[in-house]
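Undergrad: Here you go, one structure.
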There are 2 protein chains.
Amino acid sequence: MNIDPLSDGKIIEAWKQNASPWTNAVRAREIESRRLVTDRAILDTVLACRPQTVIDLGCGEGWLALALQQSGIDVTAVDAVPALAFAAKQAGVADTCVMSYEEIAEGQLKLSADMVVCNFSLLGKESVDGLLRAIPTLLKPDGALIVQTLHPLVACGDLPYVDGWRAGSWAGFGPDFSDAPPWYFRTLGTWLELIGTSGLTLRALQEPLDPRTGRPASVVFRAHRTG
Amino acid sequence: MNIDPLSDGKIIEAWKQNASPWTNAVRAREIESRRLVTDRAILDTVLACRPQTVIDLGCGEGWLALALQQSGIDVTAVDAVPALAFAAKQAGVADTCVMSYEEIAEGQLKLSADMVVCNFSLLGKESVDGLLRAIPTLLKPDGALIVQTLHPLVACGDLPYVDGWRAGSWAGFGPDFSDAPPWYFRTLGTWLELIGTSGLTLRALQEPLDPRTGRPASVVFRAHRTG
């Protein structure tokens, strides 16, 4: 079966293929921007809200879920890629679950938490649009969604600043990686519109600085259930 | 008296000095980014909200107030620089007023409108912080503040992406201009924090594209009275 190289399906296929080298790279702390800036940024943002229960969507190999669990938080870690959810379980995350964003959008994740966190895990187009619309159903009243993602103005590069699929790249990663996942570029305006039309109200936007460049390493949105 | 070259006071002094060439430049449509993108962006955003009453803060020579008035909107145009408010009056704006942001922050502008608009007029530090906090008192329930300003990620240039005073420049303007006003750079995160702590809730963020660069020519915030 041929999967469109710029599609939600291709993202999952590519992550399935790279689950093992990715797990190794994160555990060896090989990704400099994470080590210098973005790991701390997401941890600080989550912990500042003092949630008792967190759903980590797109948990990957589980480092964030584990860190939150070690802070006394009741975490459910979810990933569509079985090998990644399994890696999280092996690392010590007590509650892991294999489920796609499409399944969550259909209402299959029957949980209600103080917080949903998505750390560099909102990479697709329709899959992300559908997931966002389902977030309010996963949150308690005034519960918060925290999203860390690429900063649009920085990640845009030399391409036009308009929504669209972008080819992936493993540049800077080792020889074990192949078949980089594509990602769907959204402008800041589109992100805020998506948050607003999903029944969420943006309460904070942070731009953690990369000390190497003086530019934002990422953007972190905090949005709460509206009304 | 020596005024600090990077201060709120210096901004007003510089605009007083350049009121006449500025009025000429805007009326001759000499500023390409305005002609190509940002004039249309602010007009469309305001008109889409269908306000009956608008307060134009930092109205300058009055083109926007006049255009809104010609669309049947009841506009009050306010500027701290007497020569600019006078130019607006001469152009045909029915209701103009000379008042500083500090005076508005003190409650001297006793109006209540459907909308407050600030089009490239929020350039200072304390003056802008104080003005924003007073905006809810100028708005009817669910009234909106519309701000068009420089896009932080684009306007940042090669300087660090941190809040701070920046020297002004009249590069690209004619020989009649002198003594460029400084401006206070705010990150996107700081803008959103300022809006939120001023009793306003951000409902939309637009990034009108400059067709020459493919990058945002500005950012437009729409925020409503909270609660």
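Going by the structure tokens order, chains are called A, B, ..., each with residues numbered from 1, while ligands are numbered from 1 in the order shown.
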Taking only C-alpha atoms into account, what are the residues of chain A at most 7 Å from chain B, put as a PyMOL selection string?

TA: chain A and resi 153+160-161+189+192-193+204-207+214-215

Undergrad: Next, write the just-selected residues to a file, as a CSV table (one decimal), in the first residue's frame, keeping C-alpha atoms as the atom set.

TA:
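Here's the written file result.csv:
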chain,number,residue,atom,x,y,z
A,153,LEU,CA,7.7,32.1,12.8
A,160,PRO,CA,5.8,31.2,2.6
A,161,TYR,CA,4.1,31.8,6.0
A,189,GLY,CA,-3.2,32.7,13.7
A,192,LEU,CA,-5.2,30.3,17.9
A,193,GLU,CA,-8.3,29.8,15.6
A,204,ALA,CA,-1.2,32.0,28.1
A,205,LEU,CA,1.4,31.8,25.3
A,206,GLN,CA,5.1,31.3,26.1
A,207,GLU,CA,8.1,31.5,23.8
A,214,GLY,CA,18.2,34.3,21.1
A,215,ARG,CA,15.1,33.2,19.2

Undergrad: Within 12 Å of Leu111 of chain B, counting only C-alpha atoms, which residues qualify if same-chain residues fewer than 6 places away don't, as a PyMOL selection string?

TA: chain B and resi 53-56+75-78+97+104+134-140

Undergrad: Let's have chain B fitted on chain A; use all the C-alpha atoms paired in order for the least-squares step and return it as an mmCIF file with C-alpha atoms, in the first residue's frame.

TA:
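Final output, result_4.cif:
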data_model
loop_
_atom_site.group_PDB
_atom_site.id
_atom_site.type_symbol
_atom_site.label_atom_id
_atom_site.label_comp_id
_atom_site.auth_asym_id
_atom_site.auth_seq_id
_atom_site.Cartn_x
_atom_site.Cartn_y
_atom_site.Cartn_z
ATOM 1 C CA MET B 1 -0.048 -0.007 0.034
ATOM 2 C CA ASN B 2 1.288 3.402 -0.903
ATOM 3 C CA ILE B 3 0.710 6.108 1.682
ATOM 4 C CA ASP B 4 0.675 9.761 0.605
ATOM 5 C CA PRO B 5 4.109 11.075 1.726
ATOM 6 C CA LEU B 6 2.463 14.250 3.076
ATOM 7 C CA SER B 7 -0.400 12.877 5.149
ATOM 8 C CA ASP B 8 -1.518 11.996 8.657
ATOM 9 C CA GLY B 9 -1.113 8.303 7.823
ATOM 10 C CA LYS B 10 2.500 8.802 6.781
ATOM 11 C CA ILE B 11 3.340 10.434 10.110
ATOM 12 C CA ILE B 12 2.313 7.309 12.021
ATOM 13 C CA GLU B 13 4.048 4.991 9.545
ATOM 14 C CA ALA B 14 7.302 6.941 9.862
ATOM 15 C CA TRP B 15 7.148 6.960 13.670
ATOM 16 C CA LYS B 16 6.551 3.208 13.709
ATOM 17 C CA GLN B 17 9.670 2.800 11.648
ATOM 18 C CA ASN B 18 11.769 5.061 13.876
ATOM 19 C CA ALA B 19 10.415 4.182 17.321
ATOM 20 C CA SER B 20 13.581 2.411 18.374
ATOM 21 C CA PRO B 21 16.243 4.984 17.359
ATOM 22 C CA TRP B 22 13.962 7.758 18.631
ATOM 23 C CA THR B 23 13.683 6.103 22.032
ATOM 24 C CA ASN B 24 17.457 5.745 22.159
ATOM 25 C CA ALA B 25 18.042 9.366 21.094
ATOM 26 C CA VAL B 26 15.685 10.833 23.699
ATOM 27 C CA ARG B 27 17.031 8.623 26.475
ATOM 28 C CA ALA B 28 20.617 9.527 25.584
ATOM 29 C CA ARG B 29 19.524 13.204 25.652
ATOM 30 C CA GLU B 30 20.912 13.692 22.163
ATOM 31 C CA ILE B 31 18.504 16.446 21.091
ATOM 32 C CA GLU B 32 20.176 19.667 22.135
ATOM 33 C CA SER B 33 17.128 21.979 21.944
ATOM 34 C CA ARG B 34 15.257 19.641 24.288
ATOM 35 C CA ARG B 35 18.158 19.428 26.699
ATOM 36 C CA LEU B 36 18.765 23.186 26.688
ATOM 37 C CA VAL B 37 15.236 24.573 26.594
ATOM 38 C CA THR B 38 12.096 22.699 25.744
ATOM 39 C CA ASP B 39 12.117 19.815 28.263
ATOM 40 C CA ARG B 40 12.358 22.286 31.129
ATOM 41 C CA ALA B 41 9.747 24.574 29.512
ATOM 42 C CA ILE B 42 7.039 21.915 29.312
ATOM 43 C CA LEU B 43 7.776 20.536 32.784
ATOM 44 C CA ASP B 44 7.684 23.977 34.392
ATOM 45 C CA THR B 45 4.460 24.908 32.610
ATOM 46 C CA VAL B 46 2.686 21.710 33.638
ATOM 47 C CA LEU B 47 3.916 21.745 37.238
ATOM 48 C CA ALA B 48 3.020 25.432 37.692
ATOM 49 C CA CYS B 49 -0.641 24.465 37.156
ATOM 50 C CA ARG B 50 -0.451 21.824 39.953
ATOM 51 C CA PRO B 51 -2.636 19.225 38.200
ATOM 52 C CA GLN B 52 -3.519 16.009 40.034
ATOM 53 C CA THR B 53 -4.333 14.132 36.835
ATOM 54 C CA VAL B 54 -2.708 14.515 33.405
ATOM 55 C CA ILE B 55 -3.276 12.841 30.041
ATOM 56 C CA ASP B 56 -0.078 12.892 27.943
ATOM 57 C CA LEU B 57 -1.176 12.615 24.301
ATOM 58 C CA GLY B 58 1.495 11.484 21.877
ATOM 59 C CA CYS B 59 3.662 10.501 24.833
ATOM 60 C CA GLY B 60 6.421 8.981 22.706
ATOM 61 C CA GLU B 61 8.952 7.005 24.726
ATOM 62 C CA GLY B 62 7.497 8.464 27.899
ATOM 63 C CA TRP B 63 10.087 10.755 29.503
ATOM 64 C CA LEU B 64 7.550 13.500 30.279
ATOM 65 C CA ALA B 65 4.895 11.128 31.628
ATOM 66 C CA LEU B 66 7.526 9.533 33.840
ATOM 67 C CA ALA B 67 8.798 12.870 35.144
ATOM 68 C CA LEU B 68 5.250 13.983 35.975
ATOM 69 C CA GLN B 69 4.508 10.653 37.632
ATOM 70 C CA GLN B 70 7.640 11.053 39.733
ATOM 71 C CA SER B 71 6.262 14.439 40.827
ATOM 72 C CA GLY B 72 3.247 12.665 42.276
ATOM 73 C CA ILE B 73 0.857 13.269 39.380
ATOM 74 C CA ASP B 74 -1.537 10.571 38.173
ATOM 75 C CA VAL B 75 -0.587 10.296 34.461
ATOM 76 C CA THR B 76 -2.133 8.410 31.567
ATOM 77 C CA ALA B 77 0.305 8.232 28.655
ATOM 78 C CA VAL B 78 -1.189 7.632 25.206
ATOM 79 C CA ASP B 79 0.492 7.036 21.862
ATOM 80 C CA ALA B 80 -0.694 5.699 18.521
ATOM 81 C CA VAL B 81 2.578 3.836 17.981
ATOM 82 C CA PRO B 82 2.614 0.575 19.984
ATOM 83 C CA ALA B 83 6.412 0.429 20.269
ATOM 84 C CA LEU B 84 6.502 3.908 21.817
ATOM 85 C CA ALA B 85 3.716 3.227 24.332
ATOM 86 C CA PHE B 86 5.515 -0.013 25.190
ATOM 87 C CA ALA B 87 8.792 1.870 25.709
ATOM 88 C CA ALA B 88 6.979 4.236 28.071
ATOM 89 C CA LYS B 89 5.603 1.279 30.003
ATOM 90 C CA GLN B 90 9.043 -0.299 30.209
ATOM 91 C CA ALA B 91 10.490 2.983 31.478
ATOM 92 C CA GLY B 92 8.112 2.844 34.394
ATOM 93 C CA VAL B 93 4.999 4.776 33.318
ATOM 94 C CA ALA B 94 2.212 3.024 35.216
ATOM 95 C CA ASP B 95 -0.705 3.788 32.933
ATOM 96 C CA THR B 96 -0.072 3.614 29.175
ATOM 97 C CA CYS B 97 -2.476 3.162 26.306
ATOM 98 C CA VAL B 98 -2.197 2.646 22.532
ATOM 99 C CA MET B 99 -4.775 4.791 20.777
ATOM 100 C CA SER B 100 -4.821 6.996 17.666
ATOM 101 C CA TYR B 101 -5.927 10.627 17.600
ATOM 102 C CA GLU B 102 -8.770 9.549 15.316
ATOM 103 C CA GLU B 103 -9.980 7.080 17.960
ATOM 104 C CA ILE B 104 -9.728 9.759 20.660
ATOM 105 C CA ALA B 105 -11.685 12.144 18.420
ATOM 106 C CA GLU B 106 -14.385 9.447 18.214
ATOM 107 C CA GLY B 107 -14.671 9.428 22.001
ATOM 108 C CA GLN B 108 -12.855 6.168 22.756
ATOM 109 C CA LEU B 109 -10.623 7.624 25.493
ATOM 110 C CA LYS B 110 -13.066 7.760 28.381
ATOM 111 C CA LEU B 111 -11.113 9.875 30.853
ATOM 112 C CA SER B 112 -11.499 13.230 32.537
ATOM 113 C CA ALA B 113 -8.345 14.946 33.795
ATOM 114 C CA ASP B 114 -7.145 18.261 35.158
ATOM 115 C CA MET B 115 -4.837 18.608 32.183
ATOM 116 C CA VAL B 116 -4.069 17.293 28.719
ATOM 117 C CA VAL B 117 -0.488 17.820 27.555
ATOM 118 C CA CYS B 118 0.813 17.496 23.977
ATOM 119 C CA ASN B 119 4.578 17.934 23.813
ATOM 120 C CA PHE B 120 5.743 18.197 20.192
ATOM 121 C CA SER B 121 3.078 15.634 19.346
ATOM 122 C CA LEU B 122 0.631 17.660 17.236
ATOM 123 C CA LEU B 123 2.178 17.108 13.830
ATOM 124 C CA GLY B 124 -0.733 16.207 11.551
ATOM 125 C CA LYS B 125 -3.566 17.942 9.782
ATOM 126 C CA GLU B 126 -7.039 16.358 10.073
ATOM 127 C CA SER B 127 -5.869 14.147 12.940
ATOM 128 C CA VAL B 128 -4.923 17.219 14.983
ATOM 129 C CA ASP B 129 -8.018 19.217 14.029
ATOM 130 C CA GLY B 130 -10.210 16.306 15.170
ATOM 131 C CA LEU B 131 -8.213 15.701 18.343
ATOM 132 C CA LEU B 132 -8.416 19.349 19.434
ATOM 133 C CA ARG B 133 -12.192 19.354 19.102
ATOM 134 C CA ALA B 134 -12.319 16.353 21.480
ATOM 135 C CA ILE B 135 -10.058 17.912 24.140
ATOM 136 C CA PRO B 136 -12.865 19.578 26.159
ATOM 137 C CA THR B 137 -14.464 16.143 26.678
ATOM 138 C CA LEU B 138 -11.208 14.952 28.293
ATOM 139 C CA LEU B 139 -10.952 17.906 30.679
ATOM 140 C CA LYS B 140 -12.619 18.649 33.980
ATOM 141 C CA PRO B 141 -14.266 22.073 34.257
ATOM 142 C CA ASP B 142 -11.521 24.701 33.913
ATOM 143 C CA GLY B 143 -9.093 21.918 33.001
ATOM 144 C CA ALA B 144 -6.178 22.998 30.829
ATOM 145 C CA LEU B 145 -4.626 21.908 27.555
ATOM 146 C CA ILE B 146 -0.886 22.544 27.302
ATOM 147 C CA VAL B 147 0.669 22.309 23.841
ATOM 148 C CA GLN B 148 4.353 22.732 23.088
ATOM 149 C CA THR B 149 5.121 22.864 19.392
ATOM 150 C CA LEU B 150 7.475 24.372 16.835
ATOM 151 C CA HIS B 151 7.282 28.172 16.824
ATOM 152 C CA PRO B 152 5.638 29.008 13.500
ATOM 153 C CA LEU B 153 7.683 32.119 12.797
ATOM 154 C CA VAL B 154 10.931 30.268 13.482
ATOM 155 C CA ALA B 155 10.000 26.913 11.928
ATOM 156 C CA CYS B 156 8.683 28.614 8.798
ATOM 157 C CA GLY B 157 12.176 28.901 7.366
ATOM 158 C CA ASP B 158 12.304 30.366 3.890
ATOM 159 C CA LEU B 159 8.938 28.946 2.794
ATOM 160 C CA PRO B 160 5.851 31.165 2.642
ATOM 161 C CA TYR B 161 4.126 31.765 5.971
ATOM 162 C CA VAL B 162 0.995 29.812 5.066
ATOM 163 C CA ASP B 163 -0.532 26.584 6.370
ATOM 164 C CA GLY B 164 0.546 23.443 4.551
ATOM 165 C CA TRP B 165 2.352 20.127 4.640
ATOM 166 C CA ARG B 166 6.121 20.190 5.015
ATOM 167 C CA ALA B 167 8.544 17.359 4.299
ATOM 168 C CA GLY B 168 10.272 15.943 7.365
ATOM 169 C CA SER B 169 13.980 15.642 8.009
ATOM 170 C CA TRP B 170 16.220 13.719 10.366
ATOM 171 C CA ALA B 171 19.090 16.171 9.831
ATOM 172 C CA GLY B 172 21.284 16.097 12.903
ATOM 173 C CA PHE B 173 20.126 12.611 13.922
ATOM 174 C CA GLY B 174 22.128 9.407 13.565
ATOM 175 C CA PRO B 175 22.295 6.806 10.780
ATOM 176 C CA ASP B 176 19.622 4.598 12.394
ATOM 177 C CA PHE B 177 16.890 7.024 11.384
ATOM 178 C CA SER B 178 15.041 6.700 8.087
ATOM 179 C CA ASP B 179 11.874 7.921 6.408
ATOM 180 C CA ALA B 180 11.327 11.203 8.300
ATOM 181 C CA PRO B 181 7.695 11.978 9.206
ATOM 182 C CA PRO B 182 6.112 14.939 7.401
ATOM 183 C CA TRP B 183 4.410 17.651 9.433
ATOM 184 C CA TYR B 184 1.635 20.132 8.853
ATOM 185 C CA PHE B 185 2.690 23.765 9.249
ATOM 186 C CA ARG B 186 0.169 26.089 10.903
ATOM 187 C CA THR B 187 0.601 29.829 11.341
ATOM 188 C CA LEU B 188 0.145 31.289 14.817
ATOM 189 C CA GLY B 189 -3.174 32.708 13.681
ATOM 190 C CA THR B 190 -4.333 29.238 12.604
ATOM 191 C CA TRP B 191 -3.237 27.685 15.919
ATOM 192 C CA LEU B 192 -5.208 30.258 17.854
ATOM 193 C CA GLU B 193 -8.240 29.842 15.625
ATOM 194 C CA LEU B 194 -8.078 26.056 16.043
ATOM 195 C CA ILE B 195 -7.876 26.424 19.820
ATOM 196 C CA GLY B 196 -10.788 28.864 19.870
ATOM 197 C CA THR B 197 -13.062 26.820 17.637
ATOM 198 C CA SER B 198 -12.341 23.693 19.691
ATOM 199 C CA GLY B 199 -14.144 25.019 22.757
ATOM 200 C CA LEU B 200 -10.963 26.251 24.431
ATOM 201 C CA THR B 201 -9.827 29.720 25.521
ATOM 202 C CA LEU B 202 -6.151 30.648 25.271
ATOM 203 C CA ARG B 203 -4.929 31.904 28.629
ATOM 204 C CA ALA B 204 -1.162 32.025 28.063
ATOM 205 C CA LEU B 205 1.420 31.818 25.314
ATOM 206 C CA GLN B 206 5.093 31.337 26.142
ATOM 207 C CA GLU B 207 8.084 31.481 23.825
ATOM 208 C CA PRO B 208 11.019 29.740 25.526
ATOM 209 C CA LEU B 209 14.235 31.206 24.178
ATOM 210 C CA ASP B 210 17.001 29.132 22.695
ATOM 211 C CA PRO B 211 20.166 30.552 24.296
ATOM 212 C CA ARG B 212 22.158 29.641 21.191
ATOM 213 C CA THR B 213 20.111 31.853 18.858
ATOM 214 C CA GLY B 214 18.236 34.331 21.053
ATOM 215 C CA ARG B 215 15.091 33.198 19.203
ATOM 216 C CA PRO B 216 12.141 31.136 20.501
ATOM 217 C CA ALA B 217 12.934 27.408 20.569
ATOM 218 C CA SER B 218 9.212 26.632 20.666
ATOM 219 C CA VAL B 219 5.832 28.053 21.535
ATOM 220 C CA VAL B 220 3.773 26.813 24.485
ATOM 221 C CA PHE B 221 0.007 27.380 24.519
ATOM 222 C CA ARG B 222 -2.105 27.070 27.659
ATOM 223 C CA ALA B 223 -5.830 26.936 26.938
ATOM 224 C CA HIS B 224 -8.753 26.179 29.224
ATOM 225 C CA ARG B 225 -12.218 24.770 28.657
ATOM 226 C CA THR B 226 -14.415 27.656 27.569
ATOM 227 C CA GLY B 227 -17.361 28.621 29.775
#

Undergrad: Output as a ChimeraX atom specification all residues of segment 6-225 of chain B that backbone DSSP marks as alpha helix (DSSP H).

TA: /B:8-27,32-33,39-48,63-70,82-91,101-105,126-138,152-155,188-197
